[in-house]
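Q: My questions all concern the structure below.
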Amino acid sequence: MQAFRFDLCELPEETKGLRQEVRDFLAVELKDIPAVTRAQTWMGFDAEFSRKLGARGWIGMRWPKKYGGHERSAFDRYVVLEEMLAAGAPVGAHWIGDRQSGPLLLNFGTEEQRQLILPKVARGECFFCIGMSEPDSGSDLAATRTKAEKVDGGYKVNGTKLWTSNAHKAHYMIALFRTDPEKKHDGLTQFIVDLKTPGITIRPIRDLAGNAHFNEVVFEDAFVPDGMLVGSEGSGWAQVTAELAFERSGPERYLSSFLLLQEAIRELQTKGGVDGAREIGRMVAHLSTLRQMSLSVAGMLDRGENPALEASVVKDLGTGFEQDLPVKVHELLGIEPTLRGGNDYSQVLGYLTQTAPSFSLRGGTREILRGIIARGLGLR
């Protein structure tokens, strides 16, 4: 039975200068952005902002320099992400490429794929989406049915991917397709898909807040060349589970609702007195604990370890915190959420009240995560 390994981990002293550099940059770049817009943070898409980050060396921070990276530590990258999310920076354009598609190609891609794609991602000029979920299968990736059939020079793809964030704005998708219908896990393969390929239709899906960052992506005899296969045929399951460790453990797993906590504290301060201080203290203590757990995972990644189990725990607990926050501050302050009008607090509350239910879908549903945790503990 494997036990959880959340070792105490402190950020190195040298990251303090980087943190201040990022804060100074954001103070200028975000000064005129309203709070309700900043609340979208890692779902906010701003290609120009991503290019500015690329110019500063804040994308692909850990990657080798020969691929446009900067060979910095996982802790440097963590500090940059933490400051971006806490401030509500629009990092959605480059987010997927930086967080997981780039590392996936570093681990499993060919040299040609790395040279073609990674420098553009690091410059903030190339954006990715993830083709994992499908209709009727949810987060059960082993149930993937979209079929990639071998043909001369590549693969012919038919099927549908669902809940694909920013597919309508991305250049590439890292997609999981079934290459062998006779095998379950060993019949899955990952591919890089150019989303301008003929035979691909992208249909936006509007969420409760009226946004359309989710998409349905339909493949109808779409051709993917051999050179776009990632790793080896049949290795997709092992690769995608390693990829999800990057997706499930970062500060986005507890900071998606952070602007609401900030606005709630400001709202309480205008009222004076100490009412609500105890509940705010509980929330901050919970947040601090999640941050320490996430930092521990960052330390494991920096050492080259595989924190798949711990990352699942961080994602499960972090999502619960993010989804509970709108309910708790509403109970605490008694101010109704608004979609238009009202102050910053009520607008941010309105936005997150609508979007928070989706937080437990992205990166794996709660049921899937708890199944992973149970297996890791030897309970199933």
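Residue names in the structure tokens use chain letters A, B, ... in the order shown, residue numbers from 1 in each chain, and ligand numbers from 1 in the order shown.
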List as a PyMOL selection string the protein and nucleic acid residues near Gly227 in chain A, meaning an atom at most 10 Å away when only C-alpha atoms are counted, but skip any in the same chain fewer than 3 places from it.
A: chain A and resi 109-110+112-113+153-154+191-192+224+230
Q: Can you build me a table of range 101-179 of chain A residues sitting at most 8 Å from range 195-216 of chain A, with the closest atom pair per residue and its distance in Å to one decimal, using only C-alpha atoms, sorted by chain and residue number, as JSON lines?
A:
```
{"residue": "A:Thr160", "atom": "CA", "partner": "A:Glu216", "partner_atom": "CA", "distance": 7.0}
{"residue": "A:Lys161", "atom": "CA", "partner": "A:Glu216", "partner_atom": "CA", "distance": 5.8}
{"residue": "A:Leu162", "atom": "CA", "partner": "A:Glu216", "partner_atom": "CA", "distance": 4.5}
{"residue": "A:Trp163", "atom": "CA", "partner": "A:Phe214", "partner_atom": "CA", "distance": 4.9}
{"residue": "A:Thr164", "atom": "CA", "partner": "A:Asn215", "partner_atom": "CA", "distance": 4.9}
{"residue": "A:Ser165", "atom": "CA", "partner": "A:Phe214", "partner_atom": "CA", "distance": 4.4}
{"residue": "A:Asn166", "atom": "CA", "partner": "A:His213", "partner_atom": "CA", "distance": 5.0}
{"residue": "A:Ala167", "atom": "CA", "partner": "A:Asn215", "partner_atom": "CA", "distance": 6.3}
{"residue": "A:His168", "atom": "CA", "partner": "A:Ile202", "partner_atom": "CA", "distance": 6.2}
{"residue": "A:Ala170", "atom": "CA", "partner": "A:Leu195", "partner_atom": "CA", "distance": 7.4}
{"residue": "A:His171", "atom": "CA", "partner": "A:Leu195", "partner_atom": "CA", "distance": 5.8}
{"residue": "A:Tyr172", "atom": "CA", "partner": "A:Leu195", "partner_atom": "CA", "distance": 5.5}
{"residue": "A:Met173", "atom": "CA", "partner": "A:Leu195", "partner_atom": "CA", "distance": 6.8}
```
Q: Quick one: residues within 12 Å of range 314-318 of chain A, only C-alpha atoms counted, chain neighbours fewer than 6 positions away excluded, as a ChimeraX atom specification?
A: /A:4-6,244-258,283,286-298,307-308,324-325,356,359-373
Q: How many Å lie between CA of Asp302 in chain A and CA of Ser73 in chain A, rounded to one decimal?
A: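 Going from CA of Asp302 in chain A over to CA of Ser73 in chain A, I get 6.8 Å.
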Q: Between CA of Ile174 in chain A and CA of Glu125 in chain A, what distance in Å does the model show, to one decimal?
A: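 About the pair CA of Ile174 in chain A and CA of Glu125 in chain A: they are 16.7 Å apart.
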Q: Considering only C-alpha atoms, state which residue in the set A:Tyr155, A:Tyr78, A:Trp63, A:Phe219 is at the smallest distance from Gly299 in chain A.
A: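 Selected residue with least distance to Gly299 in chain A: A:Tyr78.
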Q: Got a sec to tell me which of range 104-261 of chain A DSSP assigns to helix (DSSP H, G or I), as number ranges by chain?
A: A: 104-108, 111-122, 141-143, 185-187, 226-228, 236-248, 252-255, 258-261
Q: Can those selected residues be exported to a file as a tab-separated table (two decimals), in the first residue's frame so that it contains C-alpha atoms?
A:
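Output file part19.tsv is given in full below:
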```
chain	number	residue	atom	x	y	z
A	104	LEU	CA	4.47	15.82	-22.57
A	105	LEU	CA	6.43	16.48	-25.78
A	106	LEU	CA	9.66	16.85	-23.82
A	107	ASN	CA	9.07	13.42	-22.27
A	108	PHE	CA	7.59	11.49	-25.20
A	111	GLU	CA	13.03	15.75	-31.77
A	112	GLU	CA	11.25	17.06	-34.85
A	113	GLN	CA	8.06	17.67	-32.86
A	114	ARG	CA	9.97	19.50	-30.13
A	115	GLN	CA	11.86	21.72	-32.55
A	116	LEU	CA	8.69	22.52	-34.50
A	117	ILE	CA	6.43	23.39	-31.59
A	118	LEU	CA	8.12	24.13	-28.26
A	119	PRO	CA	9.94	27.38	-29.16
A	120	LYS	CA	6.65	28.86	-30.42
A	121	VAL	CA	4.87	27.85	-27.20
A	122	ALA	CA	7.64	29.41	-25.10
A	141	LEU	CA	-10.37	7.83	-20.49
A	142	ALA	CA	-10.23	4.06	-20.89
A	143	ALA	CA	-13.65	4.36	-22.56
A	185	HIS	CA	-5.69	0.54	-22.15
A	186	ASP	CA	-3.06	-0.70	-24.60
A	187	GLY	CA	-5.22	0.31	-27.55
A	226	ASP	CA	2.61	9.60	-38.88
A	227	GLY	CA	4.98	12.33	-37.72
A	228	MET	CA	2.36	13.66	-35.33
A	236	GLY	CA	-1.24	6.61	-24.81
A	237	TRP	CA	-2.67	5.41	-21.51
A	238	ALA	CA	0.66	5.51	-19.67
A	239	GLN	CA	1.50	8.87	-21.20
A	240	VAL	CA	-1.82	10.52	-20.44
A	241	THR	CA	-1.79	9.43	-16.80
A	242	ALA	CA	1.68	10.95	-16.43
A	243	GLU	CA	0.41	14.12	-18.14
A	244	LEU	CA	-2.48	14.47	-15.71
A	245	ALA	CA	-0.08	14.80	-12.77
A	246	PHE	CA	0.91	18.18	-14.25
A	247	GLU	CA	-2.75	19.17	-14.60
A	248	ARG	CA	-3.95	18.19	-11.14
A	252	GLU	CA	-4.89	26.63	-10.10
A	253	ARG	CA	-6.36	23.82	-8.02
A	254	TYR	CA	-6.97	26.11	-5.06
A	255	LEU	CA	-6.76	29.66	-6.47
A	258	PHE	CA	-9.13	33.41	-4.78
A	259	LEU	CA	-10.36	36.79	-6.06
A	260	LEU	CA	-13.68	36.15	-4.35
A	261	LEU	CA	-11.92	35.62	-1.02
```
Q: Pick out the closest residue to Lys31 in chain A from this set: A:Gly376, A:Gly69, A:Gly334, A:Gly88. Count only C-alpha atoms.
A: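 The shortest atom-to-atom distance to Lys31 in chain A comes from A:Gly88.
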Q: In Å, with one decimal, what is the gap from CA of Gly341 in chain A to CA of Phe45 in chain A?
A: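 Pair CA of Gly341 in chain A / CA of Phe45 in chain A returns 23.4 Å.
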Q: Which of these, A:Pro337, A:Pro64, A:Gly131, A:Gly54, has the shortest distance to Ala93 in chain A once you count only C-alpha atoms?
A: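 Of the candidates, the smallest distance to Ala93 in chain A is held by A:Gly54.
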Q: Give me the residues near Ala47 in chain A as a JSON list (two decimals) with N, CA and C atoms, in the first residue's frame, where near means some atom within 10 Å (using only C-alpha atoms) and where sequence neighbours in that chain fewer than 2 positions away do not count.
A:
```json
[["chain", "number", "residue", "atom", "x", "y", "z"],
["A", 44, "GLY", "N", -9.23, 32.87, -18.75],
["A", 44, "GLY", "CA", -9.21, 34.08, -19.56],
["A", 44, "GLY", "C", -8.19, 33.97, -20.68],
["A", 45, "PHE", "N", -8.58, 34.31, -21.90],
["A", 45, "PHE", "CA", -7.74, 34.12, -23.09],
["A", 45, "PHE", "C", -7.31, 35.47, -23.62],
["A", 49, "PHE", "N", -1.24, 39.19, -24.11],
["A", 49, "PHE", "CA", -0.68, 39.04, -22.77],
["A", 49, "PHE", "C", 0.27, 37.86, -22.72],
["A", 50, "SER", "N", -0.11, 36.75, -23.37],
["A", 50, "SER", "CA", 0.76, 35.57, -23.40],
["A", 50, "SER", "C", 2.08, 35.87, -24.10],
["A", 51, "ARG", "N", 2.03, 36.65, -25.17],
["A", 51, "ARG", "CA", 3.27, 37.01, -25.86],
["A", 51, "ARG", "C", 4.18, 37.86, -24.96],
["A", 52, "LYS", "N", 3.59, 38.72, -24.14],
["A", 52, "LYS", "CA", 4.38, 39.52, -23.20],
["A", 52, "LYS", "C", 5.06, 38.63, -22.17],
["A", 53, "LEU", "N", 4.34, 37.60, -21.70],
["A", 53, "LEU", "CA", 4.95, 36.67, -20.75],
["A", 53, "LEU", "C", 6.08, 35.88, -21.41],
["A", 90, "PRO", "N", -4.94, 36.93, -17.25],
["A", 90, "PRO", "CA", -5.55, 36.08, -18.28],
["A", 90, "PRO", "C", -4.52, 35.15, -18.93],
["A", 91, "VAL", "N", -4.29, 34.01, -18.33],
["A", 91, "VAL", "CA", -3.23, 33.11, -18.78],
["A", 91, "VAL", "C", -3.74, 31.94, -19.63],
["A", 92, "GLY", "N", -5.06, 31.96, -19.95],
["A", 92, "GLY", "CA", -5.66, 30.80, -20.62],
["A", 92, "GLY", "C", -5.10, 30.47, -21.98],
["A", 93, "ALA", "N", -4.58, 31.45, -22.70],
["A", 93, "ALA", "CA", -4.09, 31.18, -24.06],
["A", 93, "ALA", "C", -2.94, 30.18, -24.05],
["A", 94, "HIS", "N", -1.93, 30.43, -23.23],
["A", 94, "HIS", "CA", -0.73, 29.58, -23.23],
["A", 94, "HIS", "C", -0.78, 28.50, -22.15],
["A", 124, "GLY", "N", 4.95, 32.33, -26.49],
["A", 124, "GLY", "CA", 3.56, 32.75, -26.34],
["A", 124, "GLY", "C", 2.85, 32.94, -27.67],
["A", 125, "GLU", "N", 3.25, 32.15, -28.66],
["A", 125, "GLU", "CA", 2.71, 32.30, -30.01],
["A", 125, "GLU", "C", 1.96, 31.06, -30.48],
["A", 126, "CYS", "N", 1.94, 30.00, -29.69],
["A", 126, "CYS", "CA", 1.33, 28.73, -30.10],
["A", 126, "CYS", "C", 0.55, 28.16, -28.93],
["A", 127, "PHE", "N", -0.74, 27.87, -29.17],
["A", 127, "PHE", "CA", -1.63, 27.49, -28.08],
["A", 127, "PHE", "C", -2.19, 26.08, -28.30],
["A", 169, "LYS", "N", -9.80, 28.44, -30.33],
["A", 169, "LYS", "CA", -8.73, 29.44, -30.42],
["A", 169, "LYS", "C", -7.34, 28.80, -30.46]]
```
Q: Quick one: DSSP strand (DSSP E) residues in range 66-297 of chain A, as number ranges by chain?
A: A: 128-131, 147-151, 154-161, 172-178, 188-194, 200-205, 214-225, 229-230
Q: Can you pull out the residues contacting Arg72 in chain A? Cut-off 12 Å, using only C-alpha atoms, and skip same-chain residues under 6 positions away; I want them as a ChimeraX atom specification.
A: /A:14-15,18,57-65,78-80,302
